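Pasted below: model.cif, mmCIF, C-alpha atoms and all ligand atoms.
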```
data_coords
loop_
_atom_site.group_PDB
_atom_site.id
_atom_site.type_symbol
_atom_site.label_atom_id
_atom_site.label_comp_id
_atom_site.auth_asym_id
_atom_site.auth_seq_id
_atom_site.Cartn_x
_atom_site.Cartn_y
_atom_site.Cartn_z
ATOM 1 C CA MET A 259 105.726 97.642 110.577
ATOM 2 C CA ARG A 260 106.743 94.905 108.184
ATOM 3 C CA ILE A 261 104.315 93.998 105.385
ATOM 4 C CA ASN A 262 105.058 90.869 103.367
ATOM 5 C CA ILE A 263 103.180 90.517 100.086
ATOM 6 C CA LEU A 264 102.837 87.141 98.397
ATOM 7 C CA THR A 265 101.834 87.630 94.775
ATOM 8 C CA LEU A 266 102.368 86.435 91.236
ATOM 9 C CA PHE A 267 102.656 90.062 90.139
ATOM 10 C CA PRO A 268 105.044 92.048 92.361
ATOM 11 C CA GLU A 269 105.436 94.610 89.557
ATOM 12 C CA PHE A 270 101.792 95.586 90.108
ATOM 13 C CA PHE A 271 102.957 97.480 93.205
ATOM 14 C CA ASP A 272 105.962 99.283 91.687
ATOM 15 C CA THR A 273 104.472 102.706 91.073
ATOM 16 C CA PRO A 274 102.010 102.941 93.987
ATOM 17 C CA LEU A 275 104.696 102.111 96.526
ATOM 18 C CA LYS A 276 106.997 104.752 95.061
ATOM 19 C CA THR A 277 104.323 107.406 95.231
ATOM 20 C CA SER A 278 103.278 109.986 97.787
ATOM 21 C CA MET A 279 102.345 108.796 101.282
ATOM 22 C CA MET A 280 103.419 105.195 100.720
ATOM 23 C CA HIS A 281 106.822 106.399 99.603
ATOM 24 C CA LYS A 282 107.201 108.682 102.589
ATOM 25 C CA ALA A 283 106.154 105.872 104.959
ATOM 26 C CA GLN A 284 109.034 103.758 103.700
ATOM 27 C CA ARG A 285 111.497 106.641 103.763
ATOM 28 C CA ILE A 286 110.786 107.343 107.446
ATOM 29 C CA LYS A 287 110.892 103.590 108.119
ATOM 30 C CA ALA A 288 107.315 103.455 109.385
ATOM 31 C CA VAL A 289 106.744 100.539 107.053
ATOM 32 C CA ASP A 290 108.874 98.102 105.162
ATOM 33 C CA PHE A 291 107.499 96.002 102.282
ATOM 34 C CA LYS A 292 108.917 92.621 101.373
ATOM 35 C CA PHE A 293 107.734 90.825 98.261
ATOM 36 C CA TYR A 294 107.555 87.090 97.730
ATOM 37 C CA ASN A 295 106.811 85.881 94.218
ATOM 38 C CA LEU A 296 104.515 82.864 94.325
ATOM 39 C CA ARG A 297 106.107 81.642 91.088
ATOM 40 C CA ASP A 298 109.352 80.988 92.996
ATOM 41 C CA PHE A 299 107.540 78.255 94.925
ATOM 42 C CA GLY A 300 105.947 76.662 91.845
ATOM 43 C CA ILE A 301 106.215 73.001 90.899
ATOM 44 C CA GLY A 302 108.417 71.460 88.222
ATOM 45 C CA PRO A 303 110.457 73.007 85.431
ATOM 46 C CA ARG A 304 107.661 75.472 84.627
ATOM 47 C CA TYR A 305 107.133 76.534 88.232
ATOM 48 C CA GLN A 306 103.458 75.699 88.021
ATOM 49 C CA VAL A 307 101.357 77.367 90.725
ATOM 50 C CA ASP A 308 97.870 76.224 89.703
ATOM 51 C CA ASP A 309 96.011 73.245 88.310
ATOM 52 C CA ARG A 310 92.645 72.111 86.976
ATOM 53 C CA PRO A 311 89.796 71.740 89.477
ATOM 54 C CA TYR A 312 88.836 68.251 90.689
ATOM 55 C CA GLY A 313 85.279 67.504 89.637
ATOM 56 C CA GLY A 314 85.721 69.530 86.469
ATOM 57 C CA GLY A 315 84.828 73.075 85.609
ATOM 58 C CA ALA A 316 86.463 76.068 84.057
ATOM 59 C CA GLY A 317 89.626 77.776 85.149
ATOM 60 C CA MET A 318 92.712 76.977 87.124
ATOM 61 C CA ILE A 319 92.972 76.733 90.887
ATOM 62 C CA LEU A 320 95.907 77.911 93.006
ATOM 63 C CA ARG A 321 97.620 74.900 94.578
ATOM 64 C CA VAL A 322 97.678 74.529 98.358
ATOM 65 C CA ASP A 323 101.153 72.946 98.439
ATOM 66 C CA VAL A 324 102.640 75.903 96.554
ATOM 67 C CA VAL A 325 101.089 78.455 98.879
ATOM 68 C CA ASP A 326 102.116 76.341 101.887
ATOM 69 C CA LYS A 327 105.749 76.362 100.767
ATOM 70 C CA ALA A 328 105.639 80.130 100.336
ATOM 71 C CA ILE A 329 104.092 80.676 103.763
ATOM 72 C CA GLU A 330 106.705 78.421 105.330
ATOM 73 C CA LYS A 331 109.455 80.569 103.840
ATOM 74 C CA ILE A 332 107.777 83.808 104.951
ATOM 75 C CA LYS A 333 107.340 82.460 108.498
ATOM 76 C CA LYS A 334 110.965 81.352 108.591
ATOM 77 C CA ASN A 335 111.975 84.969 107.957
ATOM 78 C CA ASP A 336 109.222 86.498 110.046
ATOM 79 C CA PRO A 337 107.810 83.952 112.549
ATOM 80 C CA LYS A 338 105.201 86.206 114.211
ATOM 81 C CA THR A 339 103.625 87.641 111.059
ATOM 82 C CA LYS A 340 99.830 87.581 110.803
ATOM 83 C CA ILE A 341 98.818 85.875 107.570
ATOM 84 C CA ILE A 342 95.874 87.350 105.681
ATOM 85 C CA LEU A 343 94.259 85.973 102.556
ATOM 86 C CA LEU A 344 92.515 88.416 100.215
ATOM 87 C CA THR A 345 89.271 86.900 99.028
ATOM 88 C CA PRO A 346 85.745 88.107 98.267
ATOM 89 C CA LYS A 347 84.582 85.580 100.901
ATOM 90 C CA GLY A 348 86.518 87.313 103.681
ATOM 91 C CA GLN A 349 85.483 89.704 106.414
ATOM 92 C CA THR A 350 84.682 93.067 104.838
ATOM 93 C CA PHE A 351 87.452 95.598 105.302
ATOM 94 C CA ASN A 352 86.587 98.799 107.125
ATOM 95 C CA GLN A 353 88.237 101.526 109.168
ATOM 96 C CA ASP A 354 88.022 99.597 112.456
ATOM 97 C CA LEU A 355 89.826 96.682 110.868
ATOM 98 C CA ALA A 356 92.410 99.062 109.370
ATOM 99 C CA GLN A 357 93.044 100.445 112.856
ATOM 100 C CA ASN A 358 93.424 96.961 114.342
ATOM 101 C CA LEU A 359 95.875 95.946 111.640
ATOM 102 C CA ALA A 360 97.855 99.191 111.835
ATOM 103 C CA ILE A 361 99.087 98.300 115.337
ATOM 104 C CA LYS A 362 100.512 94.908 114.336
ATOM 105 C CA ASN A 363 104.246 94.444 113.941
ATOM 106 C CA SER A 364 103.997 92.321 110.835
ATOM 107 C CA LEU A 365 101.357 91.361 108.299
ATOM 108 C CA THR A 366 101.496 89.027 105.332
ATOM 109 C CA LEU A 367 98.988 89.617 102.556
ATOM 110 C CA ILE A 368 98.346 86.801 100.124
ATOM 111 C CA CYS A 369 96.968 87.780 96.742
ATOM 112 C CA GLY A 370 94.889 85.037 95.178
ATOM 113 C CA HIS A 371 94.738 85.001 91.400
ATOM 114 C CA TYR A 372 93.067 83.370 88.443
ATOM 115 C CA GLU A 373 89.740 81.652 89.015
ATOM 116 C CA GLY A 374 90.244 80.644 92.584
ATOM 117 C CA PHE A 375 92.307 78.795 95.134
ATOM 118 C CA ASP A 376 92.224 75.398 96.747
ATOM 119 C CA GLU A 377 89.896 75.501 99.737
ATOM 120 C CA ARG A 378 92.618 74.061 102.000
ATOM 121 C CA ILE A 379 94.612 77.283 101.660
ATOM 122 C CA ARG A 380 92.102 78.808 104.063
ATOM 123 C CA ASP A 381 93.474 76.570 106.832
ATOM 124 C CA LEU A 382 96.938 78.092 106.378
ATOM 125 C CA VAL A 383 95.958 81.658 107.184
ATOM 126 C CA ASP A 384 94.983 83.679 110.260
ATOM 127 C CA ALA A 385 92.295 85.794 108.594
ATOM 128 C CA GLU A 386 90.475 86.394 105.307
ATOM 129 C CA ILE A 387 89.623 89.884 104.140
ATOM 130 C CA SER A 388 87.429 91.196 101.337
ATOM 131 C CA ILE A 389 87.415 94.822 100.243
ATOM 132 C CA GLY A 390 83.772 94.643 99.146
ATOM 133 C CA ASN A 391 81.022 92.632 97.572
ATOM 134 C CA PHE A 392 82.488 92.381 94.106
ATOM 135 C CA VAL A 393 84.955 90.063 92.442
ATOM 136 C CA LEU A 394 88.367 91.256 91.273
ATOM 137 C CA THR A 395 90.610 89.232 88.986
ATOM 138 C CA GLY A 396 93.197 89.061 91.743
ATOM 139 C CA GLY A 397 94.005 90.105 95.270
ATOM 140 C CA GLU A 398 96.565 92.749 94.204
ATOM 141 C CA PRO A 399 94.201 95.756 94.005
ATOM 142 C CA ALA A 400 92.657 94.671 97.315
ATOM 143 C CA THR A 401 96.098 94.448 98.906
ATOM 144 C CA LEU A 402 96.901 97.923 97.669
ATOM 145 C CA VAL A 403 93.723 99.316 99.205
ATOM 146 C CA ILE A 404 94.505 97.670 102.513
ATOM 147 C CA ILE A 405 98.132 98.737 102.728
ATOM 148 C CA ASP A 406 97.194 102.300 101.859
ATOM 149 C CA ALA A 407 94.508 102.412 104.556
ATOM 150 C CA ILE A 408 96.827 100.880 107.163
ATOM 151 C CA THR A 409 100.017 102.755 106.350
ATOM 152 C CA ARG A 410 98.468 106.172 106.686
ATOM 153 C CA LEU A 411 97.401 105.308 110.254
ATOM 154 C CA ILE A 412 100.937 104.608 111.432
ATOM 155 C CA PRO A 413 102.105 107.537 113.601
ATOM 156 C CA GLY A 414 104.333 109.956 111.722
ATOM 157 C CA VAL A 415 103.125 109.018 108.245
ATOM 158 C CA LEU A 416 100.410 111.640 107.888
ATOM 159 C CA ASP A 417 100.465 115.123 109.156
ATOM 160 C CA HIS A 418 99.081 114.808 112.713
ATOM 161 C CA GLU A 419 96.006 117.037 112.431
ATOM 162 C CA SER A 420 94.750 115.649 109.160
ATOM 163 C CA ALA A 421 95.075 112.079 110.456
ATOM 164 C CA LYS A 422 93.069 112.973 113.519
ATOM 165 C CA GLU A 423 90.288 114.717 111.671
ATOM 166 C CA GLU A 424 89.986 112.290 108.800
ATOM 167 C CA SER A 425 86.724 110.803 107.485
ATOM 168 C CA PHE A 426 85.610 107.707 109.345
ATOM 169 C CA SER A 427 88.009 108.384 112.205
ATOM 170 C CA LEU A 428 86.647 111.701 113.215
ATOM 171 C CA LYS A 429 86.371 111.457 116.989
ATOM 172 C CA ILE A 430 85.114 114.738 118.208
ATOM 173 C CA GLU A 431 85.256 115.181 121.955
ATOM 174 C CA ASN A 432 83.331 118.351 121.951
ATOM 175 C CA SER A 433 83.860 120.402 125.027
ATOM 176 C CA LEU A 434 81.680 123.208 123.714
ATOM 177 C CA GLN A 435 78.784 124.215 125.928
ATOM 178 C CA ASN A 436 75.725 121.937 125.652
ATOM 179 C CA CYS A 437 77.573 119.629 123.384
ATOM 180 C CA LYS A 438 78.999 116.535 125.016
ATOM 181 C CA LEU A 439 79.113 114.457 121.910
ATOM 182 C CA LYS A 440 81.536 111.760 121.065
ATOM 183 C CA ILE A 441 81.183 110.689 117.486
ATOM 184 C CA GLU A 442 82.932 107.675 116.129
ATOM 185 C CA ASN A 443 83.078 106.528 112.547
ATOM 186 C CA CYS A 444 81.825 109.852 111.378
ATOM 187 C CA LEU A 445 82.369 111.176 107.862
ATOM 188 C CA GLU A 446 84.356 114.332 107.463
ATOM 189 C CA TYR A 447 82.762 117.774 107.192
ATOM 190 C CA PRO A 448 82.884 119.524 103.774
ATOM 191 C CA HIS A 449 85.972 121.541 102.875
ATOM 192 C CA TYR A 450 86.264 124.687 100.763
ATOM 193 C CA THR A 451 89.104 126.744 99.337
ATOM 194 C CA ARG A 452 89.371 129.623 96.857
ATOM 195 C CA PRO A 453 87.509 130.944 94.928
ATOM 196 C CA VAL A 454 84.832 132.169 97.345
ATOM 197 C CA ASP A 455 82.270 132.214 94.531
ATOM 198 C CA PHE A 456 82.337 129.555 91.825
ATOM 199 C CA ASN A 457 79.501 129.800 89.299
ATOM 200 C CA ARG A 458 77.397 131.394 92.058
ATOM 201 C CA LYS A 459 78.095 128.535 94.434
ATOM 202 C CA LYS A 460 79.478 130.298 97.462
ATOM 203 C CA VAL A 461 81.653 129.178 100.343
ATOM 204 C CA PRO A 462 79.461 129.091 103.495
ATOM 205 C CA LYS A 463 79.737 132.478 105.253
ATOM 206 C CA ILE A 464 80.596 130.944 108.605
ATOM 207 C CA LEU A 465 83.920 129.714 107.239
ATOM 208 C CA LEU A 466 84.885 133.280 106.339
ATOM 209 C CA SER A 467 83.843 134.684 109.708
ATOM 210 C CA GLY A 468 87.072 134.044 111.601
ATOM 211 C CA ASN A 469 84.977 132.771 114.536
ATOM 212 C CA HIS A 470 86.747 129.525 115.392
ATOM 213 C CA VAL A 471 84.176 128.362 117.916
ATOM 214 C CA GLU A 472 81.315 128.807 115.463
ATOM 215 C CA VAL A 473 83.346 127.188 112.674
ATOM 216 C CA LYS A 474 83.970 124.182 114.910
ATOM 217 C CA LYS A 475 80.288 123.898 115.758
ATOM 218 C CA TRP A 476 79.300 124.180 112.086
ATOM 219 C CA ARG A 477 81.779 121.509 111.080
ATOM 220 C CA LEU A 478 80.562 119.170 113.784
ATOM 221 C CA GLN A 479 76.973 119.657 112.653
ATOM 222 C CA GLN A 480 77.911 119.138 109.007
ATOM 223 C CA ALA A 481 79.826 115.967 109.853
ATOM 224 C CA ILE A 482 76.797 114.545 111.651
ATOM 225 C CA GLU A 483 74.431 115.479 108.824
ATOM 226 C CA GLU A 484 76.768 114.202 106.140
ATOM 227 C CA THR A 485 77.121 110.869 107.932
ATOM 228 C CA GLU A 486 73.369 110.492 108.382
ATOM 229 C CA LYS A 487 72.662 111.423 104.779
ATOM 230 C CA ARG A 488 75.288 109.298 103.052
ATOM 231 C CA LYS A 489 75.405 106.248 105.278
ATOM 232 C CA ASN A 490 71.649 105.795 105.614
ATOM 233 C CA ASN A 491 70.707 106.923 102.107
ATOM 234 C CA PRO A 492 73.600 106.258 99.782
ATOM 235 C CA PRO A 493 73.199 108.178 96.502
ATOM 236 C CA LYS A 494 71.745 105.986 93.740
ATOM 237 C CA MET A 495 73.826 105.489 90.601
HETATM 238 N N1 LIG B 501 89.965 88.991 95.332
HETATM 239 C C1 LIG B 501 88.991 89.029 94.413
HETATM 240 N N2 LIG B 501 87.994 89.817 94.759
HETATM 241 C C2 LIG B 501 88.323 90.329 95.996
HETATM 242 C C3 LIG B 501 87.689 91.215 96.898
HETATM 243 N N3 LIG B 501 86.494 91.750 96.650
HETATM 244 N N4 LIG B 501 88.321 91.489 98.043
HETATM 245 C C4 LIG B 501 89.524 90.943 98.312
HETATM 246 N N5 LIG B 501 90.162 90.105 97.510
HETATM 247 C C5 LIG B 501 89.576 89.787 96.347
#
```
Render the structure in this file as structure tokens.
Amino acid sequence: MRINILTLFPEFFDTPLKTSMMHKAQRIKAVDFKFYNLRDFGIGPRYQVDDRPYGGGAGMILRVDVVDKAIEKIKKNDPKTKIILLTPKGQTFNQDLAQNLAIKNSLTLICGHYEGFDERIRDLVDAEISIGNFVLTGGEPATLVIIDAITRLIPGVLDHESAKEESFSLKIENSLQNCKLKIENCLEYPHYTRPVDFNRKKVPKILLSGNHVEVKKWRLQQAIEETEKRKNNPPKM
């Protein structure tokens, strides 16, 4: 998969893309990132990318003509890419959306910055995505979240079993007796490792039993309970 990133701050991505899973994904050529610096498409001797808002008000607004020029260049290199604008007004990102995006050949993620962008930029894109109901100073952290969530779904990037059993994607086709359950979008069951006893908090006995069928049943039950508990009654801060 090709992922183009249009940003004023390509250096924001330096370390994350060199780290861990994202690094491996590039090494095995599952994904290839190409950066476009919005500044390169800026206007005049100072490569201006933003301007004051018509009608007055605080802050600077990203110019539509600058973003248009950048998109034109990206599409020249990659005509079939799907263009996505990161904005708090977009469709909220979730695992289903990550799965839909992970099967595309090419995505272009546009990071907005400063106080906002010219409304007409929305006509230049195929989709708008938000990573949640809060406002970031720019689209870069949102882009990072999205590329992490997508990249790990590309076959070969994660170890097969852990990808299959992951939170939110846990699809248990349970062939156990009396249990014909198919659970989608289920949170993962709890995990434990050594020590067996930590400050008198013990690892559940079933996990030490060696009974794989019972362990599977327990995990399934825990996953269901965990999902019910956390999704319907999120813990209060
Ligand atoms: N840019 C600013 N806030 C954002 C958010 N919540 N999601 C995506 N892009 C953003």
ask   = Quick one, how far is CA of Gly348 in chain A from CA of Leu266 in chain A?
value =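 CA of Leu266 in chain A lies 20.2 Å from CA of Gly348 in chain A.
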I need the residue set behind the PyMOL selection byres (((not hetatm)) within 8 of (chain B and resi 501)) for this file; please write it as a PDB file with C-alpha atoms, in the frame of the given file.
```pdb
ATOM      1  CA  LEU A 343      94.259  85.973 102.556  1.00  0.00           C
ATOM      2  CA  LEU A 344      92.515  88.416 100.215  1.00  0.00           C
ATOM      3  CA  THR A 345      89.271  86.900  99.028  1.00  0.00           C
ATOM      4  CA  PRO A 346      85.745  88.107  98.267  1.00  0.00           C
ATOM      5  CA  LYS A 347      84.582  85.580 100.901  1.00  0.00           C
ATOM      6  CA  GLY A 348      86.518  87.313 103.681  1.00  0.00           C
ATOM      7  CA  THR A 350      84.682  93.067 104.838  1.00  0.00           C
ATOM      8  CA  CYS A 369      96.968  87.780  96.742  1.00  0.00           C
ATOM      9  CA  GLY A 370      94.889  85.037  95.178  1.00  0.00           C
ATOM     10  CA  HIS A 371      94.738  85.001  91.400  1.00  0.00           C
ATOM     11  CA  ILE A 387      89.623  89.884 104.140  1.00  0.00           C
ATOM     12  CA  SER A 388      87.429  91.196 101.337  1.00  0.00           C
ATOM     13  CA  ILE A 389      87.415  94.822 100.243  1.00  0.00           C
ATOM     14  CA  GLY A 390      83.772  94.643  99.146  1.00  0.00           C
ATOM     15  CA  ASN A 391      81.022  92.632  97.572  1.00  0.00           C
ATOM     16  CA  PHE A 392      82.488  92.381  94.106  1.00  0.00           C
ATOM     17  CA  VAL A 393      84.955  90.063  92.442  1.00  0.00           C
ATOM     18  CA  LEU A 394      88.367  91.256  91.273  1.00  0.00           C
ATOM     19  CA  THR A 395      90.610  89.232  88.986  1.00  0.00           C
ATOM     20  CA  GLY A 396      93.197  89.061  91.743  1.00  0.00           C
ATOM     21  CA  GLY A 397      94.005  90.105  95.270  1.00  0.00           C
ATOM     22  CA  GLU A 398      96.565  92.749  94.204  1.00  0.00           C
ATOM     23  CA  PRO A 399      94.201  95.756  94.005  1.00  0.00           C
ATOM     24  CA  ALA A 400      92.657  94.671  97.315  1.00  0.00           C
ATOM     25  CA  THR A 401      96.098  94.448  98.906  1.00  0.00           C
TER      26      THR A 401
END
```
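Among the candidates A:Val403, A:Ala283, A:Cys444, A:Ala328, the one nearest to Thr485 in chain A when counting all atoms listed in the file is A:Cys444.
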request  = Skip range 461-475 of chain A itself and residues of its chain fewer than 4 positions away, then list as a list in words all residues within 9 Å of it, counting all atoms listed in the file.
outcome  =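 That gives Asn432, Leu434, Tyr450, Thr451, Arg452, Pro453, Val454, Asp455, Phe456, Gln479 and Gln480 of chain A.
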message = As an exercise, work out the distance from CA of Leu416 in chain A to CA of Gln284 in chain A in Å and give it to one decimal place.
response =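 Distance reported for this atom pair: 12.4 Å.
Candidate residues A:Ile482, A:Leu365, A:Met318, A:Leu402 were compared for distance to Lys338 in chain A, and the nearest is A:Leu365, using only C-alpha atoms.
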Hits of the PyMOL selection byres (((chain A and resi 335) around 12) and not hetatm) in this structure, as a PDB file with C-alpha atoms, in the coordinates of the input:
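Final file, out_3.pdb:
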```
ATOM      1  CA  ARG A 260     106.743  94.905 108.184  1.00  0.00           C
ATOM      2  CA  ASN A 262     105.058  90.869 103.367  1.00  0.00           C
ATOM      3  CA  LYS A 292     108.917  92.621 101.373  1.00  0.00           C
ATOM      4  CA  TYR A 294     107.555  87.090  97.730  1.00  0.00           C
ATOM      5  CA  ALA A 328     105.639  80.130 100.336  1.00  0.00           C
ATOM      6  CA  ILE A 329     104.092  80.676 103.763  1.00  0.00           C
ATOM      7  CA  GLU A 330     106.705  78.421 105.330  1.00  0.00           C
ATOM      8  CA  LYS A 331     109.455  80.569 103.840  1.00  0.00           C
ATOM      9  CA  ILE A 332     107.777  83.808 104.951  1.00  0.00           C
ATOM     10  CA  LYS A 333     107.340  82.460 108.498  1.00  0.00           C
ATOM     11  CA  LYS A 334     110.965  81.352 108.591  1.00  0.00           C
ATOM     12  CA  ASP A 336     109.222  86.498 110.046  1.00  0.00           C
ATOM     13  CA  PRO A 337     107.810  83.952 112.549  1.00  0.00           C
ATOM     14  CA  LYS A 338     105.201  86.206 114.211  1.00  0.00           C
ATOM     15  CA  THR A 339     103.625  87.641 111.059  1.00  0.00           C
ATOM     16  CA  SER A 364     103.997  92.321 110.835  1.00  0.00           C
ATOM     17  CA  THR A 366     101.496  89.027 105.332  1.00  0.00           C
TER      18      THR A 366
END
```
request  = Between A:Lys327, A:Val322, A:Ile301, A:Lys282, single out the one closest to Gly414 in chain A, counting all atoms listed in the file.
outcome  =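 Checking each of A:Lys327, A:Val322, A:Ile301, A:Lys282 against Gly414 in chain A, counting all atoms listed in the file, the winner is A:Lys282.
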query = Please, what distance in Å, to one decimal, runs between CA of Val307 in chain A and CA of Asp406 in chain A?
reply = 27.6 Å
task = Using only C-alpha atoms, find the one residue out of A:Phe299, A:Phe291, A:Phe271, A:Tyr447 that sits nearest to Val325 in chain A.
result =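 Closest to Val325 in chain A, using only C-alpha atoms: A:Phe299.
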Could you please give me, as an mmCIF file with C-alpha atoms, keeping the file's coordinate frame, the residues of protein, DNA or RNA lying at most 7 Å from (106.9, 89.0, 96.1) in the coordinate frame of the file, considering only C-alpha atoms?
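Writing done, so here's selection-v1.cif:
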```cif
data_model
loop_
_atom_site.group_PDB
_atom_site.id
_atom_site.type_symbol
_atom_site.label_atom_id
_atom_site.label_comp_id
_atom_site.auth_asym_id
_atom_site.auth_seq_id
_atom_site.Cartn_x
_atom_site.Cartn_y
_atom_site.Cartn_z
ATOM 1 C CA ILE A 263 103.180 90.517 100.086
ATOM 2 C CA LEU A 264 102.837 87.141 98.397
ATOM 3 C CA THR A 265 101.834 87.630 94.775
ATOM 4 C CA PRO A 268 105.044 92.048 92.361
ATOM 5 C CA LYS A 292 108.917 92.621 101.373
ATOM 6 C CA PHE A 293 107.734 90.825 98.261
ATOM 7 C CA TYR A 294 107.555 87.090 97.730
ATOM 8 C CA ASN A 295 106.811 85.881 94.218
ATOM 9 C CA LEU A 296 104.515 82.864 94.325
#
```
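Nearest-residue note for Arg380 in chain A: choosing from A:Val415, A:Asp354, A:Arg321, A:Phe270, the minimum distance belongs to A:Arg321, counting all atoms listed in the file.
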ask   = Nearest to Asp326 in chain A: which of A:Ile261, A:Leu382, A:Leu445, A:Leu411 is it, counting only C-alpha atoms?
value =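 Among the listed residues, A:Leu382 lies closest to Asp326 in chain A.
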